[in-house]
$ cat upload-v5.pdb   # PDB, C-alpha atoms
ATOM      1  CA  MET A   1       0.000   0.000   0.000
ATOM      2  CA  SER A   2       2.736   2.427   0.964
ATOM      3  CA  THR A   3       4.421   1.969  -2.422
ATOM      4  CA  LEU A   4       1.310   3.446  -3.987
ATOM      5  CA  SER A   5       1.284   6.803  -2.340
ATOM      6  CA  GLU A   6       3.403   9.385  -0.598
ATOM      7  CA  VAL A   7       0.389  10.837   1.200
ATOM      8  CA  ASN A   8       0.361   9.696   4.814
ATOM      9  CA  PRO A   9      -2.392   7.188   5.658
ATOM     10  CA  GLU A  10      -4.274   9.531   8.021
ATOM     11  CA  ASP A  11      -4.536  12.258   5.395
ATOM     12  CA  TRP A  12      -5.515   9.713   2.775
ATOM     13  CA  ASP A  13      -8.327   8.519   5.074
ATOM     14  CA  VAL A  14      -9.687  12.075   5.335
ATOM     15  CA  TRP A  15      -9.752  12.362   1.555
ATOM     16  CA  ARG A  16     -11.357   8.935   1.219
ATOM     17  CA  ASP A  17     -14.066   9.700   3.787
ATOM     18  CA  TYR A  18     -14.783  13.097   2.224
ATOM     19  CA  HIS A  19     -14.921  11.699  -1.283
ATOM     20  CA  ARG A  20     -17.047   8.698  -0.351
ATOM     21  CA  ALA A  21     -19.500  10.776   1.662
ATOM     22  CA  GLY A  22     -19.912  13.093  -1.320
ATOM     23  CA  ARG A  23     -20.426  10.224  -3.754
ATOM     24  CA  GLU A  24     -22.861   8.362  -1.506
ATOM     25  CA  LEU A  25     -24.825  11.530  -0.804
ATOM     26  CA  THR A  26     -25.102  12.396  -4.497
ATOM     27  CA  HIS A  27     -26.118   8.830  -5.249
ATOM     28  CA  ALA A  28     -28.799   8.794  -2.531
ATOM     29  CA  LEU A  29     -30.150  12.179  -3.684
ATOM     30  CA  ASP A  30     -30.234  10.922  -7.262
ATOM     31  CA  ARG A  31     -32.184   7.788  -6.341
ATOM     32  CA  ARG A  32     -34.631   9.825  -4.303
ATOM     33  CA  LEU A  33     -35.191  12.370  -7.094
ATOM     34  CA  GLN A  34     -35.726   9.542  -9.576
ATOM     35  CA  ALA A  35     -38.291   7.944  -7.272
ATOM     36  CA  ASP A  36     -40.106  11.173  -6.351
ATOM     37  CA  ALA A  37     -39.920  13.329  -9.465
ATOM     38  CA  GLY A  38     -38.700  11.018 -12.228
ATOM     39  CA  ILE A  39     -35.560  13.072 -12.898
ATOM     40  CA  SER A  40     -31.863  12.470 -12.225
ATOM     41  CA  HIS A  41     -29.783  14.733  -9.988
ATOM     42  CA  PRO A  42     -27.995  16.308 -13.005
ATOM     43  CA  GLU A  43     -31.401  16.989 -14.590
ATOM     44  CA  TYR A  44     -32.584  18.534 -11.337
ATOM     45  CA  LEU A  45     -29.506  20.787 -11.164
ATOM     46  CA  LEU A  46     -30.093  21.946 -14.729
ATOM     47  CA  LEU A  47     -33.766  22.745 -14.035
ATOM     48  CA  LEU A  48     -32.876  24.518 -10.763
ATOM     49  CA  THR A  49     -30.181  26.593 -12.486
ATOM     50  CA  LEU A  50     -32.746  27.784 -15.050
ATOM     51  CA  TRP A  51     -35.350  28.398 -12.339
ATOM     52  CA  THR A  52     -32.999  30.691 -10.406
ATOM     53  CA  ALA A  53     -31.803  32.554 -13.558
ATOM     54  CA  PRO A  54     -33.270  35.926 -14.668
ATOM     55  CA  GLU A  55     -36.405  35.221 -16.736
ATOM     56  CA  ARG A  56     -35.830  31.499 -16.080
ATOM     57  CA  ARG A  57     -33.524  31.132 -19.078
ATOM     58  CA  LEU A  58     -29.794  31.001 -19.877
ATOM     59  CA  ARG A  59     -27.515  30.557 -22.876
ATOM     60  CA  THR A  60     -25.841  27.145 -23.231
ATOM     61  CA  GLY A  61     -22.432  28.595 -22.308
ATOM     62  CA  GLU A  62     -23.836  30.256 -19.180
ATOM     63  CA  LEU A  63     -25.490  26.975 -18.176
ATOM     64  CA  ALA A  64     -22.151  25.191 -18.651
ATOM     65  CA  ASP A  65     -20.395  27.763 -16.421
ATOM     66  CA  GLU A  66     -23.054  27.609 -13.726
ATOM     67  CA  LEU A  67     -23.093  23.807 -13.686
ATOM     68  CA  ALA A  68     -19.327  23.396 -14.170
ATOM     69  CA  TRP A  69     -20.056  20.983 -17.039
ATOM     70  CA  GLU A  70     -18.492  20.758 -20.486
ATOM     71  CA  LYS A  71     -20.602  22.606 -23.066
ATOM     72  CA  SER A  72     -21.085  19.382 -25.049
ATOM     73  CA  ARG A  73     -22.534  17.685 -21.963
ATOM     74  CA  VAL A  74     -24.977  20.571 -21.493
ATOM     75  CA  SER A  75     -26.032  20.319 -25.154
ATOM     76  CA  HIS A  76     -26.709  16.596 -24.970
ATOM     77  CA  GLN A  77     -28.563  16.906 -21.681
ATOM     78  CA  VAL A  78     -30.687  19.784 -23.024
ATOM     79  CA  THR A  79     -31.540  17.790 -26.163
ATOM     80  CA  ARG A  80     -32.819  14.905 -24.034
ATOM     81  CA  MET A  81     -34.797  17.252 -21.793
ATOM     82  CA  VAL A  82     -36.320  19.103 -24.775
ATOM     83  CA  ALA A  83     -37.568  15.717 -26.000
ATOM     84  CA  ARG A  84     -39.233  15.174 -22.609
ATOM     85  CA  GLY A  85     -40.821  18.635 -22.623
ATOM     86  CA  LEU A  86     -38.929  19.958 -19.584
ATOM     87  CA  VAL A  87     -36.975  22.749 -21.330
ATOM     88  CA  GLU A  88     -37.095  24.506 -24.702
ATOM     89  CA  ARG A  89     -34.554  26.199 -26.965
ATOM     90  CA  SER A  90     -35.034  29.557 -28.710
ATOM     91  CA  ALA A  91     -32.801  31.845 -30.775
ATOM     92  CA  CYS A  92     -31.070  34.634 -28.888
ATOM     93  CA  ASP A  93     -31.851  38.157 -30.241
ATOM     94  CA  THR A  94     -28.633  39.846 -29.180
ATOM     95  CA  ASP A  95     -26.172  37.112 -30.159
ATOM     96  CA  ALA A  96     -26.544  35.451 -33.558
ATOM     97  CA  ARG A  97     -24.670  32.345 -32.394
ATOM     98  CA  GLY A  98     -26.448  32.150 -29.026
ATOM     99  CA  VAL A  99     -29.386  29.952 -28.097
ATOM    100  CA  TRP A 100     -31.539  30.432 -25.025
ATOM    101  CA  VAL A 101     -32.507  27.422 -22.951
ATOM    102  CA  ALA A 102     -35.688  28.073 -20.958
ATOM    103  CA  LEU A 103     -37.964  26.163 -18.591
ATOM    104  CA  THR A 104     -41.284  24.964 -20.025
ATOM    105  CA  PRO A 105     -44.369  25.062 -17.767
ATOM    106  CA  ASP A 106     -43.855  21.333 -17.248
ATOM    107  CA  GLY A 107     -40.189  21.887 -16.328
ATOM    108  CA  ARG A 108     -41.265  24.556 -13.871
ATOM    109  CA  ARG A 109     -43.797  22.243 -12.208
ATOM    110  CA  THR A 110     -41.215  19.451 -12.068
ATOM    111  CA  VAL A 111     -38.532  21.560 -10.393
ATOM    112  CA  ILE A 112     -40.969  22.941  -7.797
ATOM    113  CA  ARG A 113     -42.302  19.488  -6.957
ATOM    114  CA  ALA A 114     -38.811  17.959  -6.838
ATOM    115  CA  THR A 115     -37.407  20.726  -4.666
ATOM    116  CA  ARG A 116     -39.791  20.114  -1.781
ATOM    117  CA  ASP A 117     -38.608  16.583  -1.292
ATOM    118  CA  HIS A 118     -35.010  17.272  -2.280
ATOM    119  CA  THR A 119     -34.608  19.944   0.405
ATOM    120  CA  ASP A 120     -36.052  17.542   3.009
ATOM    121  CA  ALA A 121     -33.371  15.048   1.977
ATOM    122  CA  ILE A 122     -30.549  17.607   2.116
ATOM    123  CA  ARG A 123     -31.704  18.662   5.555
ATOM    124  CA  ALA A 124     -31.907  15.074   6.844
ATOM    125  CA  TRP A 125     -28.679  13.780   5.285
ATOM    126  CA  PHE A 126     -26.445  16.858   5.441
ATOM    127  CA  LEU A 127     -27.558  19.977   7.338
ATOM    128  CA  ASP A 128     -28.990  18.182  10.391
ATOM    129  CA  VAL A 129     -25.985  15.861  10.579
ATOM    130  CA  LEU A 130     -23.385  18.659  10.848
ATOM    131  CA  THR A 131     -22.751  20.869  13.880
ATOM    132  CA  ASP A 132     -22.640  24.648  13.377
ATOM    133  CA  ASP A 133     -18.840  24.546  13.612
ATOM    134  CA  GLU A 134     -18.676  21.820  10.995
ATOM    135  CA  LEU A 135     -21.038  23.722   8.692
ATOM    136  CA  ARG A 136     -18.754  26.756   8.942
ATOM    137  CA  ALA A 137     -15.646  24.633   8.355
ATOM    138  CA  PHE A 138     -17.285  22.951   5.341
ATOM    139  CA  GLN A 139     -18.223  26.283   3.858
ATOM    140  CA  THR A 140     -14.914  28.112   4.216
ATOM    141  CA  ALA A 141     -12.892  25.069   3.189
ATOM    142  CA  SER A 142     -15.156  24.345   0.205
ATOM    143  CA  GLN A 143     -14.794  27.932  -0.972
ATOM    144  CA  ARG A 144     -11.018  27.672  -0.646
ATOM    145  CA  ILE A 145     -10.954  24.427  -2.630
ATOM    146  CA  ARG A 146     -12.976  26.075  -5.406
ATOM    147  CA  GLU A 147     -10.675  29.120  -5.458
ATOM    148  CA  ARG A 148      -7.635  26.886  -5.623
ATOM    149  CA  LEU A 149      -9.099  24.884  -8.486
ATOM    150  CA  ALA A 150     -10.025  28.064 -10.343
ATOM    151  CA  ASP A 151      -6.494  29.485  -9.972
ATOM    152  CA  ASP A 152      -4.631  26.340 -10.592
ATOM    153  CA  SER A 153      -7.049  24.440 -12.769
ATOM    154  CA  ALA A 154      -5.871  21.396 -14.653
ATOM    155  CA  LEU A 155      -5.730  23.403 -17.898
ATOM    156  CA  PRO A 156      -1.989  24.030 -18.142
ATOM    157  CA  ARG A 157      -1.191  20.357 -17.505
ATOM    158  CA  GLU A 158      -3.943  19.257 -19.814
ATOM    159  CA  MET A 159      -2.674  21.518 -22.574
ATOM    160  CA  GLU A 160       0.836  20.150 -22.143
ATOM    161  CA  ALA A 161      -0.493  16.615 -22.340
ATOM    162  CA  ARG A 162      -2.495  17.430 -25.452
ATOM    163  CA  ALA A 163       0.475  19.122 -27.049
ATOM    164  CA  ASP A 164       2.508  15.961 -26.398
ATOM    165  CA  GLY A 165      -0.173  13.529 -27.477
ATOM    166  CA  ALA A 166      -1.769  15.134 -30.506
ATOM    167  CA  ALA A 167      -0.908  17.477 -33.404
TER     168      ALA A 167
ATOM    169  CA  MET B   1     -36.448  31.847  -4.842
ATOM    170  CA  SER B   2     -37.889  31.560  -1.353
ATOM    171  CA  THR B   3     -40.964  29.782  -2.696
ATOM    172  CA  LEU B   4     -38.647  26.991  -3.796
ATOM    173  CA  SER B   5     -37.234  25.996  -0.484
ATOM    174  CA  GLU B   6     -37.822  26.003   3.245
ATOM    175  CA  VAL B   7     -34.109  25.700   3.967
ATOM    176  CA  ASN B   8     -32.733  29.055   5.074
ATOM    177  CA  PRO B   9     -30.446  30.732   2.518
ATOM    178  CA  GLU B  10     -27.288  30.514   4.662
ATOM    179  CA  ASP B  11     -27.659  26.763   5.129
ATOM    180  CA  TRP B  12     -28.467  26.352   1.457
ATOM    181  CA  ASP B  13     -25.242  28.201   0.599
ATOM    182  CA  VAL B  14     -23.211  25.770   2.723
ATOM    183  CA  TRP B  15     -24.740  22.831   0.879
ATOM    184  CA  ARG B  16     -24.192  24.516  -2.479
ATOM    185  CA  ASP B  17     -20.530  25.304  -1.741
ATOM    186  CA  TYR B  18     -19.891  21.795  -0.433
ATOM    187  CA  HIS B  19     -21.587  20.141  -3.367
ATOM    188  CA  ARG B  20     -19.949  22.359  -5.975
ATOM    189  CA  ALA B  21     -16.481  21.942  -4.459
ATOM    190  CA  GLY B  22     -16.963  18.172  -4.559
ATOM    191  CA  ARG B  23     -18.148  18.182  -8.162
ATOM    192  CA  GLU B  24     -15.431  20.537  -9.371
ATOM    193  CA  LEU B  25     -12.748  18.564  -7.562
ATOM    194  CA  THR B  26     -13.942  15.266  -9.027
ATOM    195  CA  HIS B  27     -14.119  16.856 -12.464
ATOM    196  CA  ALA B  28     -10.593  18.309 -12.218
ATOM    197  CA  LEU B  29      -9.209  14.967 -10.975
ATOM    198  CA  ASP B  30     -10.950  13.163 -13.817
ATOM    199  CA  ARG B  31      -9.507  15.489 -16.468
ATOM    200  CA  ARG B  32      -6.054  15.139 -14.987
ATOM    201  CA  LEU B  33      -6.229  11.337 -14.852
ATOM    202  CA  GLN B  34      -7.438  11.274 -18.450
ATOM    203  CA  ALA B  35      -4.535  13.475 -19.524
ATOM    204  CA  ASP B  36      -1.865  11.662 -17.476
ATOM    205  CA  ALA B  37      -2.914   8.027 -17.486
ATOM    206  CA  GLY B  38      -5.688   7.760 -20.096
ATOM    207  CA  ILE B  39      -8.287   6.573 -17.578
ATOM    208  CA  SER B  40     -11.356   8.212 -16.038
ATOM    209  CA  HIS B  41     -11.730   8.785 -12.304
ATOM    210  CA  PRO B  42     -14.276   5.916 -11.960
ATOM    211  CA  GLU B  43     -11.831   3.613 -13.819
ATOM    212  CA  TYR B  44      -9.066   4.725 -11.479
ATOM    213  CA  LEU B  45     -11.204   4.027  -8.402
ATOM    214  CA  LEU B  46     -11.989   0.544  -9.702
ATOM    215  CA  LEU B  47      -8.290  -0.221 -10.356
ATOM    216  CA  LEU B  48      -7.285   1.179  -6.950
ATOM    217  CA  THR B  49      -9.948  -0.870  -5.180
ATOM    218  CA  LEU B  50      -8.572  -4.039  -6.789
ATOM    219  CA  TRP B  51      -4.989  -2.998  -6.045
ATOM    220  CA  THR B  52      -5.718  -2.604  -2.324
ATOM    221  CA  ALA B  53      -7.730  -5.880  -2.118
ATOM    222  CA  PRO B  54      -6.228  -9.175  -0.887
ATOM    223  CA  GLU B  55      -4.524 -10.883  -3.869
ATOM    224  CA  ARG B  56      -5.543  -7.855  -5.996
ATOM    225  CA  ARG B  57      -8.939  -9.332  -6.826
ATOM    226  CA  LEU B  58     -12.576  -9.062  -5.703
ATOM    227  CA  ARG B  59     -15.958 -10.481  -6.611
ATOM    228  CA  THR B  60     -18.301  -8.178  -8.546
ATOM    229  CA  GLY B  61     -20.576  -7.749  -5.522
ATOM    230  CA  GLU B  62     -17.642  -6.852  -3.277
ATOM    231  CA  LEU B  63     -16.449  -4.310  -5.846
ATOM    232  CA  ALA B  64     -19.953  -2.814  -5.937
ATOM    233  CA  ASP B  65     -19.992  -2.510  -2.118
ATOM    234  CA  GLU B  66     -16.515  -0.981  -1.977
ATOM    235  CA  LEU B  67     -17.270   1.516  -4.730
ATOM    236  CA  ALA B  68     -20.866   2.206  -3.645
ATOM    237  CA  TRP B  69     -21.988   1.560  -7.230
ATOM    238  CA  GLU B  70     -24.888  -0.513  -8.536
ATOM    239  CA  LYS B  71     -23.786  -4.022  -9.470
ATOM    240  CA  SER B  72     -24.887  -3.453 -13.081
ATOM    241  CA  ARG B  73     -22.642  -0.401 -13.329
ATOM    242  CA  VAL B  74     -19.694  -2.444 -12.034
ATOM    243  CA  SER B  75     -20.405  -5.166 -14.614
ATOM    244  CA  HIS B  76     -20.523  -2.732 -17.526
ATOM    245  CA  GLN B  77     -17.405  -0.915 -16.380
ATOM    246  CA  VAL B  78     -15.525  -4.203 -15.915
ATOM    247  CA  THR B  79     -16.557  -5.371 -19.403
ATOM    248  CA  ARG B  80     -15.124  -2.201 -20.946
ATOM    249  CA  MET B  81     -11.918  -2.507 -18.902
ATOM    250  CA  VAL B  82     -11.488  -6.193 -19.810
ATOM    251  CA  ALA B  83     -11.639  -5.137 -23.468
ATOM    252  CA  ARG B  84      -8.833  -2.645 -22.790
ATOM    253  CA  GLY B  85      -6.718  -5.234 -20.984
ATOM    254  CA  LEU B  86      -6.772  -3.492 -17.574
ATOM    255  CA  VAL B  87      -8.647  -6.200 -15.628
ATOM    256  CA  GLU B  88      -9.643  -9.836 -16.180
ATOM    257  CA  ARG B  89     -12.506 -12.081 -15.043
ATOM    258  CA  SER B  90     -12.131 -15.622 -13.730
ATOM    259  CA  ALA B  91     -14.484 -18.181 -12.151
ATOM    260  CA  CYS B  92     -14.591 -18.250  -8.366
ATOM    261  CA  ASP B  93     -13.739 -21.689  -6.868
ATOM    262  CA  THR B  94     -15.728 -21.357  -3.659
ATOM    263  CA  ASP B  95     -18.879 -19.790  -5.073
ATOM    264  CA  ALA B  96     -20.416 -21.260  -8.213
ATOM    265  CA  ARG B  97     -22.208 -17.990  -9.048
ATOM    266  CA  GLY B  98     -19.237 -15.780  -8.216
ATOM    267  CA  VAL B  99     -16.725 -14.272 -10.629
ATOM    268  CA  TRP B 100     -13.400 -12.798  -9.603
ATOM    269  CA  VAL B 101     -12.282  -9.523 -11.126
ATOM    270  CA  ALA B 102      -8.493  -9.147 -10.981
ATOM    271  CA  LEU B 103      -5.881  -6.637 -12.136
ATOM    272  CA  THR B 104      -3.859  -7.567 -15.208
ATOM    273  CA  PRO B 105      -0.149  -6.618 -15.311
ATOM    274  CA  ASP B 106      -1.159  -3.685 -17.517
ATOM    275  CA  GLY B 107      -3.857  -2.630 -15.031
ATOM    276  CA  ARG B 108      -1.280  -2.812 -12.248
ATOM    277  CA  ARG B 109       1.160  -0.593 -14.156
ATOM    278  CA  THR B 110      -1.629   1.847 -14.983
ATOM    279  CA  VAL B 111      -2.798   2.235 -11.381
ATOM    280  CA  ILE B 112       0.749   2.717 -10.084
ATOM    281  CA  ARG B 113       1.548   5.341 -12.719
ATOM    282  CA  ALA B 114      -1.786   7.123 -12.240
ATOM    283  CA  THR B 115      -1.479   7.167  -8.458
ATOM    284  CA  ARG B 116       1.721   9.197  -8.419
ATOM    285  CA  ASP B 117       0.161  12.102 -10.204
ATOM    286  CA  HIS B 118      -3.276  11.655  -8.647
ATOM    287  CA  THR B 119      -1.900  11.926  -5.107
ATOM    288  CA  ASP B 120      -0.026  15.099  -6.095
ATOM    289  CA  ALA B 121      -3.325  16.540  -7.268
ATOM    290  CA  ILE B 122      -5.207  15.523  -4.119
ATOM    291  CA  ARG B 123      -2.482  17.082  -2.022
ATOM    292  CA  ALA B 124      -2.486  20.341  -4.009
ATOM    293  CA  TRP B 125      -6.249  20.707  -4.365
ATOM    294  CA  PHE B 126      -7.505  19.249  -1.087
ATOM    295  CA  LEU B 127      -5.054  18.347   1.702
ATOM    296  CA  ASP B 128      -2.850  21.448   1.403
ATOM    297  CA  VAL B 129      -5.883  23.720   1.137
ATOM    298  CA  LEU B 130      -7.445  22.615   4.439
ATOM    299  CA  THR B 131      -6.245  23.481   7.938
ATOM    300  CA  ASP B 132      -5.779  20.647  10.457
ATOM    301  CA  ASP B 133      -9.032  21.674  12.167
ATOM    302  CA  GLU B 134     -10.873  21.595   8.860
ATOM    303  CA  LEU B 135      -9.413  18.187   7.997
ATOM    304  CA  ARG B 136     -10.686  16.849  11.309
ATOM    305  CA  ALA B 137     -14.095  18.468  10.798
ATOM    306  CA  PHE B 138     -14.325  17.037   7.256
ATOM    307  CA  GLN B 139     -13.461  13.585   8.493
ATOM    308  CA  THR B 140     -15.810  13.328  11.459
ATOM    309  CA  ALA B 141     -18.670  15.007   9.587
ATOM    310  CA  SER B 142     -18.144  12.846   6.490
ATOM    311  CA  GLN B 143     -18.238   9.714   8.621
ATOM    312  CA  ARG B 144     -21.448  10.892  10.254
ATOM    313  CA  ILE B 145     -23.043  11.611   6.863
ATOM    314  CA  ARG B 146     -22.147   8.091   5.690
ATOM    315  CA  GLU B 147     -23.573   6.523   8.869
ATOM    316  CA  ARG B 148     -26.761   8.514   8.500
ATOM    317  CA  LEU B 149     -27.136   7.456   4.881
ATOM    318  CA  ALA B 150     -26.506   3.821   5.782
ATOM    319  CA  ASP B 151     -29.153   3.907   8.546
ATOM    320  CA  ASP B 152     -31.694   5.928   6.761
ATOM    321  CA  SER B 153     -30.957   5.148   3.151
ATOM    322  CA  ALA B 154     -33.488   6.079   0.513
ATOM    323  CA  LEU B 155     -34.670   2.461   0.296
ATOM    324  CA  PRO B 156     -37.902   2.689   2.293
ATOM    325  CA  ARG B 157     -39.044   5.784   0.348
ATOM    326  CA  GLU B 158     -37.950   4.259  -2.909
ATOM    327  CA  MET B 159     -39.873   1.099  -2.198
ATOM    328  CA  GLU B 160     -42.979   3.118  -1.365
ATOM    329  CA  ALA B 161     -42.615   5.092  -4.574
ATOM    330  CA  ARG B 162     -42.168   1.917  -6.606
ATOM    331  CA  ALA B 163     -45.148   0.323  -4.917
ATOM    332  CA  ASP B 164     -47.225   3.374  -5.890
ATOM    333  CA  GLY B 165     -45.892   3.713  -9.405
ATOM    334  CA  ALA B 166     -45.541   0.170 -10.668
ATOM    335  CA  ALA B 167     -47.020  -3.292 -10.135
TER     336      ALA B 167
END
$ encode --input "upload-v5.pdb" --output "structure tokens"
Amino acid sequence: MSTLSEVNPEDWDVWRDYHRAGRELTHALDRRLQADAGISHPEYLLLLTLWTAPERRLRTGELADELAWEKSRVSHQVTRMVARGLVERSACDTDARGVWVALTPDGRRTVIRATRDHTDAIRAWFLDVLTDDELRAFQTASQRIRERLADDSALPREMEARADGAA
Amino acid sequence: MSTLSEVNPEDWDVWRDYHRAGRELTHALDRRLQADAGISHPEYLLLLTLWTAPERRLRTGELADELAWEKSRVSHQVTRMVARGLVERSACDTDARGVWVALTPDGRRTVIRATRDHTDAIRAWFLDVLTDDELRAFQTASQRIRERLADDSALPREMEARADGAA
């Protein structure tokens, strides 16, 4: 085991617990959303992001930024959700290349219905489980992780790797 | 916005920051593993789980438990990784229905190579970003979240919902 990693075992355990808790929580929320509202957690996040946007609509690129997804993933997800009547696309007046993605009335009903149960689950499985000190620690540390990723993001390494591998 | 949720905005922000940090971290780790070792983060977790198992092999069900994945997801992932020569299946002597999944030499080399860079990333983006107090808070709170999920898991609700919806 020690040949695998130069991180000490205690620190590795913290990472493992953090990462597993996050995965298991996301998985449990996903199963519950599927059972209650018939949508996956990614679909819920997309609907919620539109719901909280001005005029309940965003351009594909803005959706990708808000969700921290690749633009191609947003496009595919939107196409599937258009087919199910949850969102709709329309041309953007001010940007010839832009397309708005907006909630349909059915998408709006779905996100409202899903949110009631989803917030109960987040309260039961996350907020009620943490002490006030832990909530504060989670928030400040999570913000710092996001800042660090934004500063340092994998892009330079990725570009190196691509430059080596391709072209 | 307030019509959407009965969780107070401060608590909701903690959840949002925690969840986004987790997603962005997983996404950054995935991109880096793809660039450095040509495998996704789920593929890495599967290889690592086998690497740390006795004799570097596990049954499909054990892999599913360790990874907190559905058994069908494990099966599909293993099939793809067998095709790429990273793992192999073999019959299990002591259990007629069981199948071992084991690392191939190539899978072993891949997980060792990937781990060097992956641990650097976890150190830079997670361990070095958190104070000792925050690390402790993350660990104890993450363990409590996992216990709560295990006790309370979505199963009873899901079964109710299925009983309503189907059959």
$ residues_around --input "upload-v5.pdb" --residues "Pro105 of chain B" --least-positions-apart "5" --cutoff "10 Å" --atoms "all atoms listed in the file" --output "list in words"
Gly85, Leu86, Val87 and Thr110 of chain B
$ resolve_selection --input "upload-v5.pdb" --expression "the ChimeraX specification (/B :<6) & /A" --output "list in words"
Val14, Asp17, Tyr18, Ala21, Ala35, Glu134, Ala137, Gln139, Ser142, Arg146, Glu158 and Ala161 of chain A
$ write_last_selection --input "upload-v5.pdb" --atoms "C-alpha atoms" --output "compact mmCIF listing (two decimals), in the frame of the given file"
# COMPACT_ATOMS: atom_id res chain seq x y z
CA VAL A 14 -9.69 12.08 5.34
CA ASP A 17 -14.07 9.70 3.79
CA TYR A 18 -14.78 13.10 2.22
CA ALA A 21 -19.50 10.78 1.66
CA ALA A 35 -38.29 7.94 -7.27
CA GLU A 134 -18.68 21.82 11.00
CA ALA A 137 -15.65 24.63 8.36
CA GLN A 139 -18.22 26.28 3.86
CA SER A 142 -15.16 24.34 0.20
CA ARG A 146 -12.98 26.08 -5.41
CA GLU A 158 -3.94 19.26 -19.81
CA ALA A 161 -0.49 16.61 -22.34
$ resolve_selection --input "upload-v5.pdb" --expression "the PyMOL selection byres ((chain A and resi 77) around 12)" --output "MDAnalysis selection string"
chainID A and resid 39:47 60 63:64 67 69:76 78:84 86:88 101
$ write_last_selection --input "upload-v5.pdb" --atoms "C-alpha atoms" --output "PDB file, keeping the file's coordinate frame"
ATOM      1  CA  ILE A  39     -35.560  13.072 -12.898  1.00  0.00           C
ATOM      2  CA  SER A  40     -31.863  12.470 -12.225  1.00  0.00           C
ATOM      3  CA  HIS A  41     -29.783  14.733  -9.988  1.00  0.00           C
ATOM      4  CA  PRO A  42     -27.995  16.308 -13.005  1.00  0.00           C
ATOM      5  CA  GLU A  43     -31.401  16.989 -14.590  1.00  0.00           C
ATOM      6  CA  TYR A  44     -32.584  18.534 -11.337  1.00  0.00           C
ATOM      7  CA  LEU A  45     -29.506  20.787 -11.164  1.00  0.00           C
ATOM      8  CA  LEU A  46     -30.093  21.946 -14.729  1.00  0.00           C
ATOM      9  CA  LEU A  47     -33.766  22.745 -14.035  1.00  0.00           C
ATOM     10  CA  THR A  60     -25.841  27.145 -23.231  1.00  0.00           C
ATOM     11  CA  LEU A  63     -25.490  26.975 -18.176  1.00  0.00           C
ATOM     12  CA  ALA A  64     -22.151  25.191 -18.651  1.00  0.00           C
ATOM     13  CA  LEU A  67     -23.093  23.807 -13.686  1.00  0.00           C
ATOM     14  CA  TRP A  69     -20.056  20.983 -17.039  1.00  0.00           C
ATOM     15  CA  GLU A  70     -18.492  20.758 -20.486  1.00  0.00           C
ATOM     16  CA  LYS A  71     -20.602  22.606 -23.066  1.00  0.00           C
ATOM     17  CA  SER A  72     -21.085  19.382 -25.049  1.00  0.00           C
ATOM     18  CA  ARG A  73     -22.534  17.685 -21.963  1.00  0.00           C
ATOM     19  CA  VAL A  74     -24.977  20.571 -21.493  1.00  0.00           C
ATOM     20  CA  SER A  75     -26.032  20.319 -25.154  1.00  0.00           C
ATOM     21  CA  HIS A  76     -26.709  16.596 -24.970  1.00  0.00           C
ATOM     22  CA  VAL A  78     -30.687  19.784 -23.024  1.00  0.00           C
ATOM     23  CA  THR A  79     -31.540  17.790 -26.163  1.00  0.00           C
ATOM     24  CA  ARG A  80     -32.819  14.905 -24.034  1.00  0.00           C
ATOM     25  CA  MET A  81     -34.797  17.252 -21.793  1.00  0.00           C
ATOM     26  CA  VAL A  82     -36.320  19.103 -24.775  1.00  0.00           C
ATOM     27  CA  ALA A  83     -37.568  15.717 -26.000  1.00  0.00           C
ATOM     28  CA  ARG A  84     -39.233  15.174 -22.609  1.00  0.00           C
ATOM     29  CA  LEU A  86     -38.929  19.958 -19.584  1.00  0.00           C
ATOM     30  CA  VAL A  87     -36.975  22.749 -21.330  1.00  0.00           C
ATOM     31  CA  GLU A  88     -37.095  24.506 -24.702  1.00  0.00           C
ATOM     32  CA  VAL A 101     -32.507  27.422 -22.951  1.00  0.00           C
TER      33      VAL A 101
END
$ atom_distance --input "upload-v5.pdb" --atom1 "atom CA of Glu55 of chain A" --atom2 "atom CA of Trp100 of chain A"
10.7 Å
$ closest_residue --input "upload-v5.pdb" --among "B:Gly98, B:Gly107, B:Gly38, B:Pro9" --to "Leu50 of chain B" --atoms "only C-alpha atoms"
B:Gly107
$ atom_distance --input "upload-v5.pdb" --atom1 "atom CA of Asp106 of chain A" --atom2 "atom CA of Cys92 of chain A"
21.8 Å
$ build_atoms --input "upload-v5.pdb" --residues "segment 46-51 of chain A" --atoms "N, CA and C atoms" --output "PDB file, keeping the file's coordinate frame"
ATOM      1  N   LEU A  46     -29.884  21.125 -13.539  1.00  0.00           N
ATOM      2  CA  LEU A  46     -30.093  21.946 -14.729  1.00  0.00           C
ATOM      3  C   LEU A  46     -31.413  22.732 -14.618  1.00  0.00           C
ATOM      4  N   LEU A  47     -32.471  22.058 -14.199  1.00  0.00           N
ATOM      5  CA  LEU A  47     -33.766  22.745 -14.035  1.00  0.00           C
ATOM      6  C   LEU A  47     -33.662  23.846 -12.974  1.00  0.00           C
ATOM      7  N   LEU A  48     -32.992  23.537 -11.854  1.00  0.00           N
ATOM      8  CA  LEU A  48     -32.876  24.518 -10.763  1.00  0.00           C
ATOM      9  C   LEU A  48     -32.065  25.734 -11.211  1.00  0.00           C
ATOM     10  N   THR A  49     -31.014  25.488 -11.996  1.00  0.00           N
ATOM     11  CA  THR A  49     -30.181  26.593 -12.486  1.00  0.00           C
ATOM     12  C   THR A  49     -31.008  27.520 -13.376  1.00  0.00           C
ATOM     13  N   LEU A  50     -31.863  26.952 -14.216  1.00  0.00           N
ATOM     14  CA  LEU A  50     -32.746  27.784 -15.050  1.00  0.00           C
ATOM     15  C   LEU A  50     -33.782  28.506 -14.189  1.00  0.00           C
ATOM     16  N   TRP A  51     -34.328  27.810 -13.215  1.00  0.00           N
ATOM     17  CA  TRP A  51     -35.350  28.398 -12.339  1.00  0.00           C
ATOM     18  C   TRP A  51     -34.804  29.633 -11.617  1.00  0.00           C
TER      19      TRP A  51
END
